[in-house]
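A.B. asks: Shown below is the structure under consideration.
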4 protein chains.
Amino acid sequence: MSPGANVLPTQLHRDYGAIRSATLALCAPLTVEDHVVQTMADVSPPKWHLAHTTWFFETFVLGEFLPSYRPVQPQYRKLFNSYYVSVGAPYPRHERGLLSRPTLAEVLEYRRLVDAGLLEFLDTAVAADNPEVQRRIVLGLQHEQQHQELLLMDIKHIFASNFPQPLYQRGASRPRAAAPAARWLEHEGGLHEFGHSGSGFAYDNESPRHRAFLLPFALASRLTTNGEYLAFIQDRGYARPDLWLADGWNTAASQGWQAPLYWLQEDGLWYEFTLAGRRPLDLDEPVVHLSFFEAEAFARWRGARLPSEYEWELAARSLPVAGNFAEEALFHPRPAAAEGLAQMFGDVWEPTRSDYAPYPGYRAPAGALGEYNGKFMSGQIVLRGGSCVTPRSHVRATYRNFFYLQQRWSFQGVRLARNLEG
Amino acid sequence: MSPGANVLPTQLHRDYGAIRSATLALCAPLTVEDHVVQTMADVSPPKWHLAHTTWFFETFVLGEFLPSYRPVQPQYRKLFNSYYVSVGAPYPRHERGLLSRPTLAEVLEYRRLVDAGLLEFLDTAVAADNPEVQRRIVLGLQHEQQHQELLLMDIKHIFASNFPQPLYQRGASRPRAAAPAARWLEHEGGLHEFGHSGSGFAYDNESPRHRAFLLPFALASRLTTNGEYLAFIQDRGYARPDLWLADGWNTAASQGWQAPLYWLQEDGLWYEFTLAGRRPLDLDEPVVHLSFFEAEAFARWRGARLPSEYEWELAARSLPVAGNFAEEALFHPRPAAAEGLAQMFGDVWEPTRSDYAPYPGYRAPAGALGEYNGKFMSGQIVLRGGSCVTPRSHVRATYRNFFYLQQRWSFQGVRLARNLEG
Amino acid sequence: MSPGANVLPTQLHRDYGAIRSATLALCAPLTVEDHVVQTMADVSPPKWHLAHTTWFFETFVLGEFLPSYRPVQPQYRKLFNSYYVSVGAPYPRHERGLLSRPTLAEVLEYRRLVDAGLLEFLDTAVAADNPEVQRRIVLGLQHEQQHQELLLMDIKHIFASNFPQPLYQRGASRPRAAAPAARWLEHEGGLHEFGHSGSGFAYDNESPRHRAFLLPFALASRLTTNGEYLAFIQDRGYARPDLWLADGWNTAASQGWQAPLYWLQEDGLWYEFTLAGRRPLDLDEPVVHLSFFEAEAFARWRGARLPSEYEWELAARSLPVAGNFAEEALFHPRPAAAEGLAQMFGDVWEPTRSDYAPYPGYRAPAGALGEYNGKFMSGQIVLRGGSCVTPRSHVRATYRNFFYLQQRWSFQGVRLARNLEG
Amino acid sequence: MSPGANVLPTQLHRDYGAIRSATLALCAPLTVEDHVVQTMADVSPPKWHLAHTTWFFETFVLGEFLPSYRPVQPQYRKLFNSYYVSVGAPYPRHERGLLSRPTLAEVLEYRRLVDAGLLEFLDTAVAADNPEVQRRIVLGLQHEQQHQELLLMDIKHIFASNFPQPLYQRGASRPRAAAPAARWLEHEGGLHEFGHSGSGFAYDNESPRHRAFLLPFALASRLTTNGEYLAFIQDRGYARPDLWLADGWNTAASQGWQAPLYWLQEDGLWYEFTLAGRRPLDLDEPVVHLSFFEAEAFARWRGARLPSEYEWELAARSLPVAGNFAEEALFHPRPAAAEGLAQMFGDVWEPTRSDYAPYPGYRAPAGALGEYNGKFMSGQIVLRGGSCVTPRSHVRATYRNFFYLQQRWSFQGVRLARNLEG
């Protein structure tokens with residue numbers, strides 16, 4: 001992780017309080033029962049997210065830098081460890097939904113105790129003098145923001161699995177607008193630098209900054225809409241193997257995919273489950289909740305392709321990080337409004353044709369936190385730009401998110417690209 | 001189901017109130033979270049038991065006999081149907097733990113509404129004049145008692161799956177006593193009648209009463225103890241294929257069985273998880289939570305065998321139905337005290353060498369309730385006598401319980417039998 | 001195993017030669033390639049059968065009684081061990097089709113060597129004076145006959161899995177006849193003796209002879225025909241859960257059963273694959289290749305049931321062991337011809353409602369051969385009477401065959417039974 | 001596919017004869033039985049390879065360009081289709097080992113018929129005037145060469161699965177030599193062109209030629225040896241999760257990997273199964289039969305990394321395509337001999353850190369042959385350089401082979417790379 005510039009202690013206090021309480025606010029609409037279930041292996045019970053993010057501060061800050069620290073409950077070390085094998089064998093991920101204990105109340109008490117301990121520790125000379133402490137806390141807060149997004153992804157899956165499906169939001173306003181026609185915006189390519197530079201926070205996987213050469217290319221001016229994706233379905237896109245990667249075709253067949261996750265057809269009409277409940281499909285909204293495989297097949301059907309992560313970054317880096325993020329509390333993508341290159345940030349994660357691999361010269365940090373990113377660099381693809389469930393302050397033009405090629409519960413959609421004669 | 005003699009309406013009122021509230025009392029020690037999880041496919045979330053037993057009365061009494069009845073929530077018809085395909089496709093059993101909704105509070109409200117409706121209905125002329133209504137309610141109460149036992153089985157599994165493991169009971173007294181030496185009590189065999197007769201309630205699977213011929217045999221005077229079973233383990237019982245049925249050996253190997261479920265060895269000492277927490281193994285208590293396969297292998301190791309269900313019934317039917325049942329609130333077997341034939345009722349279910357098959361002349365009742373017992377008559381074995389988590393009023397000498405040969409979460413143990421030269 | 005009366009050495013010589021060469025004759029129509037494949041876990045490559053039956057004589061006769069004996073190839077001890085764990089860990093059953101070696105020629109050479117050794121050994125004083133040697137050889141020949149049946153079952157499955165499907169027999173005559181109407185033949189029941197008695201060979205599982213009491217019952221005068229089973233299908237028998245045991249219904253659904261194994265519908269017409277190739281379904285022939293679950297559901301649909309193994313034995317034991325056996329070389333059931341109780345022996349195995357359990361007083365023999373039968377006594381049902389692929393001399397009225405409830409590749413059909421008021 | 005320069009008909013005749021008969025020669029040491037089995041899903045029976053390569057010419061040449069052509073056997077169209085869904089649903093890959101028919105003799109006859117037909121067709125005006133016909137035949141021969149390598153991979157797996165393991169080669173000479181010390185050979189990087197250019201044959205996945213920018217890097221002067229890899233094992237390389245990608249660690253754990261495929265430790269000594277039988281591990285030979293995951297973990301343990309495919313190509317393209325290829329008939333890697341950059345071609349495939357993705361501007365060809373390469377471009381990595389079981393004429397510096405990250409039965413090893421300060 002790039003540590004980022006020195007953060008003032010008062011700023012850290014303020015950020016810590018704001019980000020930690022934002023997590024709790026996301027859980028406010030949930031019942032106790034909603035905090036417990038795990039509706040598929042990728043989902044974690046909300047209770048687990050609340051505990052795991054706390055475990056992160058307890059393990060990597062208090063437990064390491066505060067000699068007198070005694071863990072709130074020794075068994076949490078294993079239960080709430082996600083994947084840091086250096087810290088000991090984690091509790092099996094797919095069994096998180098088997099645990100009724102600790103209760104939600106006990107988890108909230110755990111958060112209170114660790115928060116109090118951490119804020120107290122922040123004021124000590126030990127913490128003030130040790131830049132590693134600050135780095136860890138900044139990382140812990142970035143980590144917490146990632147789990148805020150995961151919480152919303154998981155809550156959506158949990159709610160969609162219930163009968164009747166509960167509403168997470170009531171009366172959320174729904175922006176309606178006709179999406180402008182998509183245009184191809186051309187870029188010259190050439191030799192450019194990519195990756196993180198400068199003093200702000202960035203993850204280790206965004207470094208080192210390095211040069212790469214791009215051919216001329218064009219990017220679609222906006223995201224693919226539901227209407228455009230529906231045309232793919234109506235053209236038998238899910239029934240034509242020539243449009244698909246072989247692994248994608250096999251996955252779609254074995255999973256019975258016929259449409260994006262959360263789409264439902266009833267009496268010939270299409271509906272979509274959202275955090276504000278089931279709604280008729282809005283053809284102008286960006287399509288969301290499809291896998292890389294589906295995005296890639298759709299692009300082929302359109303005679304286009306997905307962008308590389310470098311193409312995306314080159315096009316995006318002159319734009320402000322602004323758009324439909326979690327702060328909007330819409331939690332759903334909305335139709336493009338702007339002319340020009342629109343929706344690069346927010347709305348939906350944009351899958352690229354780039355596999356998630358180390359940048360040239362990448363080295364994972366030493367110690368347990370070296371497991372944060374590097375060990376996942378195989379078999380996944382890079383996604384860029386953030387989504388409507390990502391906190392805005394969490395995203396950058398160099399930010400690299402990653403998912404497996406078949407995952408769909410993340411808020412991801414499609415941005416088309418194509419080659420230019422060059 | 002044998003309807004049983006006519007039940008007085010006031011008695012039915014009283015029974016209904018007592019049995020339904022006993023179910024709630026069993027859940028009193030649980031947190032909300034404990035009601036939600038499903039720790040293996042055989043386990044149901046306690047919340048589901050509370051709802052399903054209510055669904056039974058709603059579906060088979062109110063919904064069928066009260067023309068004006070409107071269901072509390074139409075989707076419950078599917079969600080809380082266990083296996084009655086005549087009533088529609090049930091929600092998948094192994095996914096009960098994915099549902100956070102309805103919440104516990106909503107389920108309790110469901111119970112209150114159905115209870116009120118049913119008690120009101122009981123006072124109507126329709127109910128009073130229709131013996132089938134009474135039969136259904138009596139059956140619903142027997143069914144509720146079965147789920148009381150399942151609740152305790154499932155709670156034990158849920159608690160055992162947590163870290164740390166919660167206590168269901170605090171400060172439960174623990175009777176300690178040296179088990180008397182086991183003796184062989186001989187029986188002559190011959191031609192006898194078996195199965196239900198008379199006017200009390202019995203399930204359809206206990207009928208018709210019929211004759212069967214038995215060879216002379218001997219039954220052990222008491223249940224097998226932990227100490228006796230430990231000797232089997234120490235003699236490498238789990239490592240000797242010659243002691244096992246082939247399917248048992250394969251199951252034990254693939255599941256990694258080395259001891260009964262809930263036994264744990266730590267630093268050379270054996271412990272057992274109980275509803276009152278983890279305790280050092282008491283060698284005088286009856287062994288519990290082993291499969292038919294383990295019981296059968298143990299019997300072979302002892303040069304004995306398991307009894308047939310007829311042998312058990314012949315020996316038990318002159319005894320009073322008395323023993324360590326759920327009413328003792330011990331929820332754990334206790335050492336034998338009596339001389340003579342002891343522990344035939346209560347403590348642990350006694351697996352027999354009889355497969356669960358229809359009695360000669362058996363016919364399943366017509367309609368959805370015909371699915372209650374008959375369709376499970378393959379691949380399972382019969383167990384007799386009830387256990388420390390069975391309500392005493394639920395058990396008879398002719399009562400036939402049944403489990404698959406590999407199941408262990410039920411409170412079942414071992415009673416040995418052997419042949420006599422005859 | 002009941003040893004049977006003393007067998008004259010010359011008779012043993014003659015039987016050995018006849019039965020061993022009959023096995024080879026069964027493989028004559030196969031290509032080398034047909035000897036190698038394993039089309040499902042229950043099937044063994046024909047090459048394996050040829051080797052395993054030889055292994056039996058090598059291991060249990062030559063290896064045990066001939067001190068100077070040296071195994072043909074030490075690795076065969078493991079490769080061709082079916083399930084005798086006392087003899088060492090067998091090679092995994094479901095991987096038999098992965099072995100290209102030993103080749104068929106090597107296996108045939110193995111047979112020649114062991115046959116020569118065994119016949120030579122038979123003439124020694126050691127063999128002549130030791131009745132256990134004779135018992136072992138008699139058992140080995142019975143075992144060989146069981147594998148003759150398995151060979152035909154497995155060849156049928158192998159051929160049915162090929163495209164195009166080869167013919168095992170060319171120009172086999174096909175007896176056509178109208179099946180006589182089925183009648184109910186009544187039996188009085190009462191207390192009778194069952195199981196093996198006397199001096200002929202019998203397996204251990206047929207003993208000890210013992211008494212059992214039967215209620216009055218009726219048996220169908222002939223086997224169920226294809227036409228009768230087709231009516232079940234046409235009445236939506238595979239789509240009505242009320243007709244099925246729960247485990248049967250789930251198995252049928254997960255396996256996609258819509259008809260017996262080897263039935264195929266094309267352009268509205270029904271065909272059946274036989275060892276003489278695909279043929280239009282003959283409605284008068286006995287139905288074959290259905291599981292216990294299907295037989296049981298069919299019986300319920302007919303308002304009848306399957307017989308118990310005692311009922312079958314009581315009805316059959318006065319009949320001669322005659323019928324459509326492997327010696328006819330028809331290898332397919334044929335329409336009933338006789339009036340009276342027909343087709344009790346031969347044609348198809350008749351599944352009973354009796355689970356495969358030890359008879360009262362049963363004890364498995366000591367030593368490795370004790371594994372022959374006893375360890376399979378759980379989870380299976382008893383079938384009686386032999387089939388068109390069973391050698392006639394292998395069958396008795398007391399013979400107990402056994403299969404799992406879902407198996408279908410055995411030549412098994414349906415004989416109906418019903419209760420009589422009594 | 002780049003068509004390659006026009007090939008003279010006489011040359012095509014000669015190549016066709018030579019390559020097709022080379023395939024048969026590879027099967028000469030096999031028994032009939034060895035042609036039938038499929039020892040894991042990735043393996044195909046040798047019989048299938050012989051038929052499938054024939055099917056390729058029948059389907060894509062004779063069937064498309066010879067109007068009067070009638071297929072040898074219509075069912076082969078499905079049975080021997082590997083994955084061309086445009087040609088109809090292929091027979092399931094993992095069930096190829098269930099087919100005993102067609103027999104080997106029938107497959108060889110199929111080859112003879114198609115070969116005769118094709119050579120006759122080659123002489124017609126239709127073939128001579130249509131460059132697409134020539135392109136198809138050239139492609140068919142390249143395809144045949146790929147299957148020659150697959151045959152050797154599969155035969156090795158089949159032989160290794162037998163007991164005792166047969167020898168494919170007898171008396172193969174075994175070159176022994178001390179491997180020279182490995183050195184780091186430095187490369188400057190910069191902007192270069194990659195991919196196929198010019199007039200020879202190349203696959204579509206090597207095009208289009210395009211520029212890419214590389215940082216300075218170093219490559220190891222030779223392949224990693226068994227001795228070096230053994231040091232990784234002895235340093236507990238398979239037990240240290242910090243060395244592994246997360247997916248690699250999970251795969252290794254679930255598969256129980258402790259060493260490369262075909263390594264075996266006995267009494268403290270290491271052996272390796274080769275096509276010439278089991279041999280003591282030669283520490284100077286290149287390590288072979290390890291997955292990308294293992295290669296990647298080994299590189300991390302050495303403080304190095306795997307090269308990118310561009311780095312490899314840049315270093316290799318000035319070298320002649322010479323080395324230990326299938327023509328040597330050694331079928332096993334041999335110790336490095338040369339100084340300088342050694343073993344870039346032949347010996348073992350060299351896994352890169354590059355995922356198998358389309359080159360910028362790649363377009364799959366139209367029609368069924370468009371399925372040849374493009375649809376596999378996800379989830380795999382690129383390997384370069386060919387191996388000791390690859391025909392030399394099949395390989396180029398731009399050749400891109402690809403395997404899944406966990407596959408090990410291919411002859412793949414490790415070439416290390418590292419970053420240079422730049």
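In the structure tokens, chains take the letters A, B, ... in the order shown, each chain's residues start at 1, and ligands count up from 1 in the order shown.
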Compile the contact shell of region 235-251 of chain D as a ChimeraX atom specification: residues with an atom at most 12 Å away, counting only C-alpha atoms, same-chain residues fewer than 3 positions apart removed.

C.D. replies: /A:83-89,357-358,364-380,404 /D:228-232,254-260,290-305,404-407

A.B. asks: Mind writing the picked residues with C-alpha atoms as an mmCIF file, in the first residue's frame?

C.D. replies:
```cif
data_model
loop_
_atom_site.group_PDB
_atom_site.id
_atom_site.type_symbol
_atom_site.label_atom_id
_atom_site.label_comp_id
_atom_site.auth_asym_id
_atom_site.auth_seq_id
_atom_site.Cartn_x
_atom_site.Cartn_y
_atom_site.Cartn_z
ATOM 1 C CA TYR A 83 -7.882 -14.992 4.609
ATOM 2 C CA TYR A 84 -4.669 -13.923 6.353
ATOM 3 C CA VAL A 85 -3.025 -17.306 6.782
ATOM 4 C CA SER A 86 -0.013 -15.674 8.410
ATOM 5 C CA VAL A 87 -2.341 -14.876 11.291
ATOM 6 C CA GLY A 88 -3.510 -18.490 11.600
ATOM 7 C CA ALA A 89 -6.016 -20.731 9.837
ATOM 8 C CA ALA A 357 -1.809 -9.446 -12.784
ATOM 9 C CA PRO A 358 1.054 -7.693 -11.012
ATOM 10 C CA ALA A 364 3.863 -7.389 -2.261
ATOM 11 C CA PRO A 365 4.593 -5.697 1.092
ATOM 12 C CA ALA A 366 6.244 -7.820 3.775
ATOM 13 C CA GLY A 367 4.253 -9.364 6.599
ATOM 14 C CA ALA A 368 0.625 -10.384 6.927
ATOM 15 C CA LEU A 369 -0.599 -7.301 5.076
ATOM 16 C CA GLY A 370 1.324 -8.493 2.047
ATOM 17 C CA GLU A 371 -1.566 -10.910 1.664
ATOM 18 C CA TYR A 372 -3.948 -8.011 1.120
ATOM 19 C CA ASN A 373 -3.845 -7.973 -2.687
ATOM 20 C CA GLY A 374 -0.989 -9.863 -4.263
ATOM 21 C CA LYS A 375 -2.102 -13.388 -3.637
ATOM 22 C CA PHE A 376 -5.284 -12.924 -5.634
ATOM 23 C CA MET A 377 -3.445 -12.095 -8.839
ATOM 24 C CA SER A 378 -4.598 -15.054 -10.932
ATOM 25 C CA GLY A 379 -7.742 -16.070 -12.687
ATOM 26 C CA GLN A 380 -9.569 -12.766 -12.201
ATOM 27 C CA TYR A 404 -13.717 -13.848 -11.045
ATOM 28 C CA GLU D 228 16.724 -26.633 -7.809
ATOM 29 C CA TYR D 229 13.096 -27.620 -7.510
ATOM 30 C CA LEU D 230 13.925 -30.279 -4.954
ATOM 31 C CA ALA D 231 15.504 -27.578 -2.803
ATOM 32 C CA PHE D 232 12.143 -25.774 -2.880
ATOM 33 C CA SER D 254 -7.309 -30.024 -2.297
ATOM 34 C CA GLN D 255 -5.245 -32.140 -4.719
ATOM 35 C CA GLY D 256 -2.675 -33.107 -2.117
ATOM 36 C CA TRP D 257 0.263 -31.899 -4.218
ATOM 37 C CA GLN D 258 3.650 -32.503 -2.600
ATOM 38 C CA ALA D 259 5.851 -32.684 -5.717
ATOM 39 C CA PRO D 260 5.507 -32.515 -9.491
ATOM 40 C CA LEU D 290 4.390 -28.890 -12.666
ATOM 41 C CA SER D 291 1.511 -26.486 -12.911
ATOM 42 C CA PHE D 292 1.737 -22.732 -13.453
ATOM 43 C CA PHE D 293 0.833 -22.395 -9.779
ATOM 44 C CA GLU D 294 3.846 -24.432 -8.710
ATOM 45 C CA ALA D 295 6.157 -22.641 -11.149
ATOM 46 C CA GLU D 296 4.948 -19.304 -9.861
ATOM 47 C CA ALA D 297 5.435 -20.278 -6.200
ATOM 48 C CA PHE D 298 8.879 -21.633 -6.948
ATOM 49 C CA ALA D 299 9.826 -18.366 -8.665
ATOM 50 C CA ARG D 300 8.665 -16.370 -5.651
ATOM 51 C CA TRP D 301 10.685 -18.587 -3.349
ATOM 52 C CA ARG D 302 13.727 -17.856 -5.526
ATOM 53 C CA GLY D 303 13.115 -14.106 -5.353
ATOM 54 C CA ALA D 304 12.355 -14.120 -9.047
ATOM 55 C CA ARG D 305 9.277 -14.326 -11.242
ATOM 56 C CA TYR D 404 -5.094 -23.829 -17.289
ATOM 57 C CA LEU D 405 -3.232 -22.738 -14.206
ATOM 58 C CA GLN D 406 -3.589 -26.089 -12.464
ATOM 59 C CA GLN D 407 -2.751 -28.452 -15.320
#
```

A.B. asks: For chain D, list the residues within 6 Å of chain C, counting only C-alpha atoms, and write the list as a VMD selection string.

C.D. replies: chain D and resid 33 to 34 37 39 98 to 100 162

A.B. asks: Using CA of Leu383 (chain A) and CA of Thr352 (chain A) as the two end points, give the distance in Å to one decimal.

C.D. replies: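 Taking CA of Leu383 (chain A) as the start and CA of Thr352 (chain A) as the end point, the length is 5.7 Å.
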
A.B. asks: With only C-alpha atoms as the basis for distance, which of D:Ile137, D:Leu26, D:Ile381, D:Leu330 is at the shortest distance from Phe56 (chain D)?

C.D. replies: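 Among the listed residues, the smallest separation from Phe56 (chain D) belongs to D:Ile137.
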
A.B. asks: When DSSP is applied to the backbone of this structure, which of region 215-387 of chain D are assigned strand (DSSP E or B)? Write them out as JSON, numbers by chain.

C.D. replies: {"D": [217, 218, 219, 220, 225, 263, 264, 265, 266, 269, 270, 271, 272, 273, 274, 277, 278, 279, 280, 286, 305, 324, 346, 349, 350, 351, 352, 353, 354, 355, 380, 381, 382, 383, 384]}

A.B. asks: Pull the helix (DSSP H, G or I) assignments for region 167-280 of chain D out of DSSP run on the backbone, and list those residues as a list in words.

C.D. replies: Asp204, Asn205, Glu206, Asn226, Gly227, Glu228, Tyr229, Leu230, Ala231, Phe232, Ile233, Gln234, Gly237, Tyr238, Ala239, Pro241, Asp242, Leu243, Ala246, Asp247, Gly248, Trp249, Asn250, Thr251, Ala252, Ala253, Ser254 and Gln255 of chain D

A.B. asks: Mind writing the picked residues with C-alpha atoms as an mmCIF file, in the first residue's frame?

C.D. replies:
```
data_model
loop_
_atom_site.group_PDB
_atom_site.id
_atom_site.type_symbol
_atom_site.label_atom_id
_atom_site.label_comp_id
_atom_site.auth_asym_id
_atom_site.auth_seq_id
_atom_site.Cartn_x
_atom_site.Cartn_y
_atom_site.Cartn_z
ATOM 1 C CA ASP D 204 -4.636 -16.839 -35.688
ATOM 2 C CA ASN D 205 -3.756 -16.258 -32.045
ATOM 3 C CA GLU D 206 -0.244 -15.052 -33.041
ATOM 4 C CA ASN D 226 15.115 -30.990 -10.700
ATOM 5 C CA GLY D 227 17.796 -30.232 -8.157
ATOM 6 C CA GLU D 228 16.724 -26.633 -7.809
ATOM 7 C CA TYR D 229 13.096 -27.620 -7.510
ATOM 8 C CA LEU D 230 13.925 -30.279 -4.954
ATOM 9 C CA ALA D 231 15.504 -27.578 -2.803
ATOM 10 C CA PHE D 232 12.143 -25.774 -2.880
ATOM 11 C CA ILE D 233 10.408 -28.927 -1.688
ATOM 12 C CA GLN D 234 12.984 -29.489 1.019
ATOM 13 C CA GLY D 237 7.748 -25.011 -0.366
ATOM 14 C CA TYR D 238 4.486 -26.967 -0.499
ATOM 15 C CA ALA D 239 3.700 -26.090 3.110
ATOM 16 C CA PRO D 241 1.136 -20.388 1.938
ATOM 17 C CA ASP D 242 3.070 -17.113 1.762
ATOM 18 C CA LEU D 243 4.809 -18.447 -1.361
ATOM 19 C CA ALA D 246 -4.365 -18.056 -3.131
ATOM 20 C CA ASP D 247 -5.960 -20.179 -5.855
ATOM 21 C CA GLY D 248 -2.748 -22.156 -6.201
ATOM 22 C CA TRP D 249 -2.578 -22.842 -2.490
ATOM 23 C CA ASN D 250 -6.170 -24.044 -2.413
ATOM 24 C CA THR D 251 -5.641 -26.229 -5.460
ATOM 25 C CA ALA D 252 -2.463 -27.767 -4.057
ATOM 26 C CA ALA D 253 -4.214 -28.479 -0.773
ATOM 27 C CA SER D 254 -7.309 -30.024 -2.297
ATOM 28 C CA GLN D 255 -5.245 -32.140 -4.719
#
```

A.B. asks: For a test of reading the model, state the distance in Å between CA of Trp184 (chain B) and CA of Asn324 (chain B), rounded to one decimal.

C.D. replies: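 CA of Asn324 (chain B) lies at a distance of 22.1 Å from CA of Trp184 (chain B).
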
A.B. asks: Nearest to His196 (chain C) among C:Ala417, C:Leu122, C:Ala397, C:Leu264, with distances taken over only C-alpha atoms: which residue is it?

C.D. replies: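 Between C:Ala417, C:Leu122, C:Ala397, C:Leu264, the residue approaching His196 (chain C) most closely is C:Ala397.
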
A.B. asks: Which residues come within 7 Å of region 340-345 of chain A, counting only C-alpha atoms, excluding same-chain residues fewer than 4 positions away, as a list of chain:residue names?

C.D. replies: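 Within the cut-off, the hits are A:Ser221, A:Arg222, A:Leu223, A:Ala316, A:Val321, A:Ala322, A:Gly323, A:Ala336, A:Gly385, A:Gly386.
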
A.B. asks: As an exercise, work out the distance from CA of Phe80 (chain D) to CA of Ala128 (chain D) in Å and give it to one decimal place.

C.D. replies: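 Those two atoms sit 27.8 Å apart.
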
A.B. asks: List the spatial neighbours of Pro175 (chain B) as an MDAnalysis selection string - criterion: any atom at most 12 Å away, only C-alpha atoms, same-chain residues fewer than 3 positions off excluded.

C.D. replies: chainID B and resid 172 178:179 282 284:285 324 328 330:337

A.B. asks: Near Leu420 (chain A), within 9 Å and counting only C-alpha atoms, which residues show up once chain neighbours fewer than 3 positions away are dropped, as an NGL selection string?

C.D. replies: (:A and (186-188 or 215-218)) or (:D and (361))

A.B. asks: Tell me which protein, DNA and RNA residues are within 10 Å of Trp263 (chain D), counting only C-alpha atoms, leaving out same-chain ones fewer than 5 positions away, and put them as a list in words.

C.D. replies: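 Everything that qualifies: Gln258, Trp270, Tyr271, Glu272, Phe273, Thr274, Arg278, Arg279, Pro280, Leu281, Val288 and His289 of chain D.
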